$ cat input_16.cif   # mmCIF, C-alpha atoms
data_my_file
#
loop_
_atom_site.label_atom_id
_atom_site.label_comp_id
_atom_site.auth_asym_id
_atom_site.auth_seq_id
_atom_site.Cartn_x
_atom_site.Cartn_y
_atom_site.Cartn_z
CA MET A 46 -21.90 -57.69 21.32
CA THR A 47 -23.24 -55.38 18.62
CA LEU A 48 -25.75 -52.66 19.43
CA PRO A 49 -29.44 -53.01 18.45
CA VAL A 50 -30.18 -51.91 14.88
CA ARG A 51 -32.92 -49.47 13.83
CA ASN A 52 -33.44 -49.16 10.06
CA LEU A 53 -35.43 -46.18 8.80
CA LEU A 54 -36.95 -46.82 5.37
CA ILE A 55 -37.75 -43.49 3.71
CA GLY A 56 -38.98 -43.18 0.11
CA ASP A 57 -37.38 -40.90 -2.46
CA SER A 58 -40.12 -38.26 -2.45
CA GLU A 59 -40.30 -38.38 1.35
CA SER A 60 -36.51 -37.92 1.54
CA VAL A 61 -36.78 -34.82 -0.64
CA GLU A 62 -39.57 -33.51 1.58
CA LEU A 63 -37.54 -34.27 4.72
CA GLU A 64 -34.65 -32.16 3.42
CA ARG A 65 -37.04 -29.38 2.46
CA ASN A 66 -38.43 -29.52 6.01
CA LEU A 67 -35.02 -29.43 7.69
CA TRP A 68 -35.86 -26.44 9.87
CA ASN A 69 -39.66 -26.50 10.05
CA ASP A 70 -40.36 -29.67 12.09
CA ARG A 71 -42.78 -31.32 9.65
CA TYR A 72 -43.00 -35.09 9.67
CA VAL A 73 -42.85 -37.39 6.66
CA PRO A 74 -44.17 -40.98 6.57
CA ALA A 75 -41.64 -43.82 6.76
CA VAL A 76 -41.17 -47.37 8.00
CA MET A 77 -39.00 -48.39 10.95
CA ARG A 78 -37.55 -51.89 10.90
CA THR A 79 -36.57 -53.26 14.33
CA ASN A 80 -35.71 -56.85 15.24
CA GLY A 81 -37.14 -58.09 11.95
CA GLN A 82 -40.45 -56.30 12.54
CA SER A 83 -41.66 -53.35 10.45
CA ALA A 84 -43.92 -50.55 11.62
CA SER A 85 -45.28 -47.41 10.00
CA VAL A 86 -43.79 -44.29 11.56
CA LYS A 87 -43.53 -40.53 11.15
CA VAL A 88 -40.06 -39.00 11.07
CA ARG A 89 -38.53 -35.53 11.14
CA TYR A 90 -35.20 -33.94 11.91
CA ARG A 91 -34.74 -32.54 15.41
CA GLY A 92 -32.33 -30.39 17.37
CA GLY A 93 -31.07 -26.81 17.22
CA HIS A 94 -27.67 -25.96 15.76
CA THR A 95 -27.06 -29.69 15.21
CA ARG A 96 -29.42 -29.76 12.20
CA GLY A 97 -26.61 -28.27 10.15
CA TYR A 98 -24.24 -31.13 10.98
CA PRO A 99 -23.46 -34.02 8.61
CA LYS A 100 -24.77 -36.48 11.23
CA ARG A 101 -28.27 -35.31 12.10
CA SER A 102 -30.68 -36.25 14.85
CA TYR A 103 -34.19 -37.60 14.24
CA GLU A 104 -37.53 -37.82 15.99
CA VAL A 105 -39.58 -40.90 15.16
CA VAL A 106 -43.20 -41.42 16.19
CA ARG A 107 -44.19 -45.07 16.31
CA GLU A 108 -47.65 -46.21 17.46
CA GLY A 109 -48.19 -42.94 19.28
CA GLN A 110 -44.83 -43.12 21.06
CA SER A 111 -42.07 -40.64 20.27
CA PHE A 112 -38.41 -41.64 20.25
CA HIS A 113 -35.52 -39.28 19.72
CA TYR A 114 -32.43 -40.55 17.95
CA ASN A 115 -29.65 -38.23 19.00
CA ALA A 116 -26.45 -38.15 16.95
CA GLU A 117 -24.53 -36.83 20.01
CA PHE A 118 -22.22 -35.31 17.41
CA ASP A 119 -20.61 -32.76 19.76
CA ASP A 120 -20.01 -35.17 22.64
CA PRO A 121 -16.68 -37.01 22.30
CA SER A 122 -17.92 -39.68 24.73
CA MET A 123 -21.43 -40.05 23.25
CA ILE A 124 -22.64 -40.99 26.75
CA ARG A 125 -23.31 -37.72 28.57
CA ASN A 126 -27.06 -37.77 27.94
CA ALA A 127 -27.27 -41.47 28.80
CA LEU A 128 -25.15 -41.05 31.94
CA SER A 129 -27.31 -38.13 33.10
CA PHE A 130 -30.53 -40.09 32.63
CA HIS A 131 -28.96 -42.98 34.55
CA PHE A 132 -27.93 -40.65 37.39
CA LEU A 133 -31.04 -38.49 37.76
CA PRO A 134 -33.37 -41.33 38.87
CA THR A 135 -30.93 -41.99 41.74
CA MET A 136 -31.85 -38.45 42.84
CA GLY A 137 -35.52 -39.42 42.74
CA VAL A 138 -36.21 -37.67 39.43
CA PRO A 139 -38.12 -39.70 36.79
CA SER A 140 -36.15 -39.48 33.53
CA PRO A 141 -36.37 -40.80 29.97
CA ARG A 142 -35.02 -44.26 29.25
CA THR A 143 -32.09 -44.41 26.86
CA LYS A 144 -30.34 -47.00 24.71
CA HIS A 145 -27.42 -46.75 22.30
CA VAL A 146 -28.35 -48.17 18.89
CA LEU A 147 -27.07 -48.43 15.34
CA LEU A 148 -29.24 -46.30 13.07
CA GLN A 149 -29.57 -47.01 9.37
CA ARG A 150 -31.40 -45.12 6.65
CA ASN A 151 -32.57 -47.32 3.80
CA GLY A 152 -29.96 -49.85 4.86
CA GLU A 153 -27.09 -47.36 4.83
CA PRO A 154 -25.32 -47.01 8.20
CA LEU A 155 -25.63 -43.62 9.91
CA GLY A 156 -23.59 -44.70 12.93
CA VAL A 157 -24.15 -44.93 16.66
CA TYR A 158 -27.11 -42.97 18.03
CA LEU A 159 -28.73 -42.57 21.43
CA GLU A 160 -32.38 -43.63 21.45
CA ILE A 161 -34.26 -41.53 24.02
CA GLU A 162 -37.80 -42.16 25.22
CA GLY A 163 -40.11 -39.22 24.56
CA VAL A 164 -41.84 -37.54 27.51
CA GLU A 165 -45.51 -38.01 26.69
CA ARG A 166 -48.49 -40.26 27.42
CA LYS A 167 -46.67 -43.61 27.47
CA PHE A 168 -43.84 -42.18 29.56
CA PHE A 169 -46.34 -41.41 32.33
CA ARG A 170 -48.26 -44.64 31.88
CA ARG A 171 -45.11 -46.78 32.31
CA ARG A 172 -44.39 -45.02 35.59
CA LYS A 173 -48.01 -44.98 36.76
CA ILE A 174 -47.98 -41.18 37.01
CA GLY A 175 -51.23 -39.31 36.40
CA TYR A 176 -50.97 -35.92 34.74
CA SER A 177 -53.43 -33.16 33.86
CA SER A 178 -51.19 -31.08 31.61
CA LEU A 179 -47.83 -31.24 29.89
CA PHE A 180 -45.63 -28.48 28.47
CA TYR A 181 -42.14 -28.56 26.96
CA ALA A 182 -39.69 -25.76 27.77
CA ILE A 183 -38.25 -25.07 24.32
CA ASN A 184 -36.28 -21.82 24.69
CA ASN A 185 -34.92 -19.51 27.37
CA ASN A 186 -38.23 -17.68 27.72
CA ALA A 187 -39.16 -20.68 29.87
CA ASP A 188 -37.17 -19.12 32.73
CA PHE A 189 -40.31 -18.64 34.90
CA GLY A 190 -39.84 -14.88 34.67
CA LEU A 191 -42.13 -12.09 33.52
CA ARG A 192 -39.67 -10.39 31.15
CA VAL A 193 -37.83 -11.39 27.98
CA PRO A 194 -34.23 -12.22 29.03
CA GLU A 195 -32.60 -10.39 26.08
CA THR A 196 -34.60 -7.14 26.23
CA ASN A 197 -35.97 -7.01 29.80
CA ARG A 198 -39.36 -6.10 28.32
CA ASN A 199 -42.56 -7.73 29.47
CA LYS A 200 -43.20 -11.00 27.65
CA SER A 201 -46.05 -10.90 25.16
CA SER A 202 -47.14 -14.21 26.70
CA LEU A 203 -45.87 -16.05 29.76
CA LEU A 204 -46.17 -19.21 27.66
CA SER A 205 -43.79 -17.93 24.97
CA GLY A 206 -41.04 -20.34 26.07
CA TYR A 207 -43.31 -23.37 26.16
CA GLU A 208 -44.78 -25.85 23.73
CA TYR A 209 -48.22 -27.02 24.87
CA ARG A 210 -48.45 -30.81 24.56
CA SER A 211 -51.59 -31.93 26.38
CA GLY A 212 -54.23 -30.97 28.91
CA GLY A 213 -57.66 -29.41 29.12
CA SER A 214 -58.57 -25.99 27.77
CA SER A 215 -57.88 -24.28 31.10
CA GLU A 216 -54.35 -25.64 31.57
CA LYS A 217 -52.61 -22.87 29.62
CA SER A 218 -54.17 -20.14 31.75
CA ARG A 219 -53.46 -22.22 34.87
CA LEU A 220 -49.72 -22.29 34.11
CA VAL A 221 -49.75 -18.56 33.34
CA SER A 222 -51.48 -17.96 36.67
CA PHE A 223 -48.83 -20.02 38.47
CA ILE A 224 -45.92 -18.13 36.90
CA ARG A 225 -47.48 -14.73 37.50
CA GLY A 226 -48.64 -15.69 40.98
CA PHE A 227 -45.30 -16.64 42.50
CA ASN A 228 -43.52 -13.70 40.83
CA GLU A 229 -45.94 -11.25 42.46
CA ARG A 230 -45.67 -12.72 45.97
CA SER A 231 -43.04 -12.70 48.69
CA GLY A 232 -42.53 -13.92 52.24
CA SER A 233 -45.15 -16.20 53.76
CA ARG A 234 -47.63 -15.52 50.94
CA LEU A 235 -45.06 -16.77 48.44
CA HIS A 236 -44.19 -19.83 50.52
CA ASN A 237 -47.85 -20.80 50.97
CA PHE A 238 -48.54 -20.25 47.27
CA LEU A 239 -45.67 -22.50 46.19
CA ARG A 240 -46.44 -25.13 48.81
CA MET A 241 -49.94 -25.49 47.38
CA ARG A 242 -49.00 -25.45 43.69
CA LEU A 243 -45.47 -26.84 43.31
CA ASP A 244 -44.14 -30.28 44.23
CA THR A 245 -41.16 -28.74 45.99
CA SER A 246 -39.48 -32.09 46.68
CA ASN A 247 -39.50 -32.97 42.99
CA TYR A 248 -38.34 -29.48 42.03
CA LEU A 249 -35.43 -29.44 44.47
CA ARG A 250 -34.30 -32.90 43.39
CA TRP A 251 -34.47 -31.87 39.74
CA LEU A 252 -32.57 -28.69 40.60
CA GLY A 253 -29.91 -30.70 42.42
CA GLY A 254 -29.55 -33.06 39.48
CA ALA A 255 -29.06 -30.22 37.01
CA VAL A 256 -26.57 -28.52 39.34
CA LEU A 257 -24.51 -31.66 39.97
CA THR A 258 -24.30 -32.66 36.30
CA GLY A 259 -23.51 -29.08 35.28
CA ASN A 260 -26.37 -28.68 32.80
CA TYR A 261 -26.07 -24.93 32.18
CA ASP A 262 -28.92 -24.94 29.63
CA GLY A 263 -31.25 -27.01 31.78
CA PHE A 264 -32.73 -24.36 34.06
CA GLU A 265 -34.40 -22.09 31.51
CA GLN A 266 -35.22 -24.64 28.79
CA ASN A 267 -34.78 -28.34 28.04
CA TYR A 268 -37.25 -29.59 30.63
CA ALA A 269 -40.86 -30.71 30.71
CA ILE A 270 -43.34 -29.37 33.25
CA TYR A 271 -46.54 -31.22 34.06
CA ARG A 272 -49.34 -30.88 36.60
CA HIS A 273 -49.78 -34.02 38.68
CA SER A 274 -53.41 -35.11 38.50
CA LYS A 275 -53.69 -36.36 42.09
CA THR A 276 -52.05 -33.44 43.91
CA GLY A 277 -52.64 -30.69 41.33
CA LYS A 278 -49.02 -29.59 41.80
CA TYR A 279 -46.44 -28.88 39.10
CA ARG A 280 -43.48 -31.20 38.61
CA ILE A 281 -40.41 -31.12 36.38
CA ILE A 282 -38.91 -33.80 34.13
CA PRO A 283 -35.37 -33.34 32.76
CA TRP A 284 -34.60 -33.28 29.05
CA ASP A 285 -31.45 -32.90 26.91
CA TYR A 286 -28.42 -33.36 29.15
CA GLU A 287 -25.76 -33.53 26.44
CA GLY A 288 -23.88 -30.47 27.73
CA THR A 289 -22.89 -31.95 31.08
CA TRP A 290 -20.11 -33.75 32.97
CA GLY A 291 -17.41 -31.22 32.11
CA ARG A 292 -18.35 -30.25 28.53
CA ASN A 293 -20.89 -27.79 27.15
CA CYS A 294 -23.48 -28.45 24.44
CA TYR A 295 -20.85 -27.73 21.76
CA GLY A 296 -18.47 -30.30 23.23
CA ARG A 297 -16.02 -27.79 24.66
CA ILE A 298 -14.35 -28.41 28.03
CA VAL A 299 -15.80 -26.06 30.66
CA SER A 300 -14.89 -25.28 34.24
CA SER A 301 -16.44 -27.50 36.90
CA ASP A 302 -17.75 -24.37 38.64
CA LEU A 303 -19.56 -23.03 35.56
CA VAL A 304 -23.00 -23.73 37.05
CA ASP A 305 -23.87 -21.97 40.30
CA VAL A 306 -24.73 -24.44 43.07
CA LYS A 307 -28.02 -22.60 43.64
CA GLY A 308 -28.92 -22.99 39.96
CA TYR A 309 -30.82 -20.46 37.90
CA ASN A 310 -34.29 -19.18 36.84
CA TYR A 311 -36.83 -17.08 38.69
CA LEU A 312 -38.67 -19.95 40.33
CA THR A 313 -35.44 -21.28 41.83
CA VAL A 314 -34.57 -17.87 43.26
CA LYS A 315 -38.03 -17.47 44.77
CA LEU A 316 -38.12 -20.99 46.20
CA LEU A 317 -34.70 -20.73 47.84
CA GLU A 318 -35.67 -17.49 49.59
CA ASN A 319 -37.37 -19.73 52.14
CA PRO A 320 -35.06 -21.13 54.89
CA GLU A 321 -36.95 -24.44 54.99
CA MET A 322 -36.46 -24.95 51.25
CA ARG A 323 -32.76 -24.12 51.55
CA ARG A 324 -32.40 -26.72 54.30
CA LYS A 325 -34.12 -29.34 52.17
CA TYR A 326 -31.96 -28.46 49.18
CA ARG A 327 -28.78 -28.69 51.25
CA SER A 328 -29.88 -32.12 52.46
CA ILE A 329 -30.53 -33.32 48.89
CA LEU A 330 -27.10 -32.19 47.71
CA SER A 331 -25.38 -33.56 50.80
CA ASN A 332 -26.97 -36.99 50.37
CA ALA A 333 -26.06 -37.02 46.68
CA ILE A 334 -22.35 -36.38 47.21
CA LYS A 335 -22.30 -39.10 49.88
CA GLY A 336 -23.82 -41.71 47.59
CA PRO A 337 -24.96 -41.52 43.96
CA PHE A 338 -22.71 -38.60 42.92
CA THR A 339 -19.41 -40.32 43.63
CA GLU A 340 -16.67 -41.81 41.49
CA ARG A 341 -17.37 -45.17 43.08
CA ALA A 342 -21.01 -45.13 41.98
CA LEU A 343 -20.60 -43.50 38.57
CA MET A 344 -17.28 -44.58 37.06
CA PRO A 345 -18.25 -48.25 36.58
CA VAL A 346 -21.28 -46.98 34.64
CA VAL A 347 -19.11 -44.61 32.60
CA ASN A 348 -16.57 -47.29 31.73
CA GLY A 349 -19.29 -49.82 30.95
CA MET A 350 -21.06 -47.46 28.55
CA LEU A 351 -17.83 -46.52 26.77
CA GLU A 352 -16.76 -50.14 26.36
CA ASN A 353 -20.24 -51.13 25.18
CA ILE A 354 -20.42 -48.68 22.29
CA TRP A 355 -16.79 -48.57 21.14
CA PRO A 356 -16.85 -51.68 18.86
CA ASP A 357 -19.69 -50.13 16.83
CA LEU A 358 -18.50 -46.54 17.17
CA ARG A 359 -15.20 -47.60 15.59
CA GLU A 360 -17.14 -48.24 12.36
CA ASP A 361 -19.26 -45.07 12.60
CA PRO A 362 -18.87 -43.22 9.26
CA TYR A 363 -19.12 -39.88 11.10
CA ARG A 364 -16.73 -40.68 13.97
CA ARG A 365 -14.65 -37.60 14.84
CA TRP A 366 -12.32 -38.87 17.57
CA THR A 367 -9.67 -41.56 17.94
CA ARG A 368 -10.08 -44.45 20.33
CA ALA A 369 -7.61 -42.82 22.74
CA GLU A 370 -9.60 -39.57 22.72
CA PHE A 371 -12.87 -41.45 23.13
CA MET A 372 -11.67 -43.61 26.02
CA GLY A 373 -9.96 -40.56 27.53
CA GLU A 374 -13.41 -39.11 28.18
CA ALA A 375 -13.64 -41.38 31.23
CA GLU A 376 -10.90 -39.30 32.85
CA VAL A 377 -12.60 -36.03 31.82
CA ILE A 378 -15.79 -37.19 33.52
CA ARG A 379 -13.92 -38.54 36.56
CA GLN A 380 -12.11 -35.23 37.02
CA TYR A 381 -15.40 -33.34 36.70
CA ILE A 382 -17.07 -35.50 39.37
CA ARG A 383 -14.11 -35.03 41.71
CA GLU A 384 -14.00 -31.25 41.26
CA ARG A 385 -17.77 -30.80 41.32
CA ARG A 386 -18.10 -32.72 44.58
CA SER A 387 -15.54 -30.42 46.18
CA ILE A 388 -17.28 -27.29 44.85
CA VAL A 389 -20.72 -28.42 46.00
CA SER A 390 -19.44 -29.55 49.39
CA ALA A 391 -17.91 -26.12 50.04
CA ALA A 392 -21.06 -24.33 48.85
CA ILE A 393 -23.31 -26.41 51.11
CA ARG A 394 -21.44 -25.20 54.18
CA LYS A 395 -22.09 -21.57 53.18
CA MET A 396 -25.68 -21.98 52.01
#
$ encode --input "input_16.cif" --output "structure tokens"
Amino acid sequence: MTLPVRNLLIGDSESVELERNLWNDRYVPAVMRTNGQSASVKVRYRGGHTRGYPKRSYEVVREGQSFHYNAEFDDPSMIRNALSFHFLPTMGVPSPRTKHVLLQRNGEPLGVYLEIEGVERKFFRRRKIGYSSLFYAINNNADFGLRVPETNRNKSSLLSGYEYRSGGSSEKSRLVSFIRGFNERSGSRLHNFLRMRLDTSNYLRWLGGAVLTGNYDGFEQNYAIYRHSKTGKYRIIPWDYEGTWGRNCYGRIVSSDLVDVKGYNYLTVKLLENPEMRRKYRSILSNAIKGPFTERALMPVVNGMLENIWPDLREDPYRRWTRAEFMGEAEVIRQYIRERRSIVSAAIRKM
């Protein structure tokens, strides 16, 4: 069965403007045709190094809802993001919905893309989650530290790694206060501070998900942080898990022990100083490798996704790999799961 079709209709002048705006994130007006229905949308290119590729990724805003159309150009399987966002909810971490689609531009096929639900107002509404603020972690300055990673100098702003998305006028200073506050505390004062301001269960589950999938870039950027309206505590939502399951974000095979089992960033280090938090984290990892993070649970999903997209991927004008290479990704992912389980299991005993 063929994948759903999304047809972006972009005028000539808007196409010129879109190319001119390749690196500056400005939208142009367009029309999206889906299931015979047309809707006015805004569209722009998205991504980092991938904007220079022949198959580019897009962000489309339709009726106030953002959707990302990822080319997944560096992923030979084209399923690593989708597999991650299937797996993470089994860890208890709300994650964007995904769907593989055929994207067209003015009727011309662009190939198979991954449609990813944007993390914004409708994301929270669908899940009945109240939120008071929302920030995107857009570069490695979002490492929850006080200093710039490259220079070790004090950051000009503790929000320099974040894109403010929504919330009242005090929410920026509130997040700054949180970051500065836990960095300046230790011992029981630190534990009490975090217990009052961070949803530690959510954070540890998110941490475990990033560690198990091997998302090296996911600890210091590529996440969303929001303040839950009912509890007032910060929570994390994952984002951009392309460099996972045995390959990095450039599609290169990496060692299954690339990502430390304790993860990274300053908040993680501070949180895991506490013995109670380490016990909870061990329990989360232990339960995962007994259930959701197993070949038995994941490989049917992997094989199903690969088989589902291959008939259309075969006709993708930008396809880079043969069918044998594409289907061989199942074994790459299987081997990663097997090795990662062993690595995590050994680390749990020493933690």
$ resolve_selection --input "input_16.cif" --expression "the PyMOL selection byres ((chain A and resi 358-369) around 9)" --output "MDAnalysis selection string"
chainID A and resid 99:100 118 121 147 154:157 354:357 370:374
$ resolve_selection --input "input_16.cif" --expression "the PyMOL selection byres ((chain A and resi 50-61) around 8)" --output "list in words"
Leu48, Pro49, Glu62, Leu63, Glu64, Arg65, Val73, Pro74, Ala75, Val76, Met77, Arg78, Thr79, Asn80, Val146, Leu147, Leu148, Gln149, Arg150, Asn151 and Gly152 of chain A
$ resolve_selection --input "input_16.cif" --expression "the PyMOL selection byres ((chain A and resi 212) around 9)" --output "ChimeraX atom specification"
/A:176-180,209-211,213-217
$ write_last_selection --input "input_16.cif" --atoms "C-alpha atoms" --output "PDB file, in the frame of the given file"
ATOM      1  CA  TYR A 176     -50.970 -35.920  34.740  1.00  0.00           C
ATOM      2  CA  SER A 177     -53.430 -33.160  33.860  1.00  0.00           C
ATOM      3  CA  SER A 178     -51.190 -31.080  31.610  1.00  0.00           C
ATOM      4  CA  LEU A 179     -47.830 -31.240  29.890  1.00  0.00           C
ATOM      5  CA  PHE A 180     -45.630 -28.480  28.470  1.00  0.00           C
ATOM      6  CA  TYR A 209     -48.220 -27.020  24.870  1.00  0.00           C
ATOM      7  CA  ARG A 210     -48.450 -30.810  24.560  1.00  0.00           C
ATOM      8  CA  SER A 211     -51.590 -31.930  26.380  1.00  0.00           C
ATOM      9  CA  GLY A 213     -57.660 -29.410  29.120  1.00  0.00           C
ATOM     10  CA  SER A 214     -58.570 -25.990  27.770  1.00  0.00           C
ATOM     11  CA  SER A 215     -57.880 -24.280  31.100  1.00  0.00           C
ATOM     12  CA  GLU A 216     -54.350 -25.640  31.570  1.00  0.00           C
ATOM     13  CA  LYS A 217     -52.610 -22.870  29.620  1.00  0.00           C
TER      14      LYS A 217
END
$ closest_residue --input "input_16.cif" --among "A:Phe227, A:Trp251, A:Trp68, A:Tyr90" --to "Pro134 (chain A)" --atoms "only C-alpha atoms"
A:Trp251
$ atom_distance --input "input_16.cif" --atom1 "CA of Phe112 (chain A)" --atom2 "CA of Tyr72 (chain A)"
13.3 Å
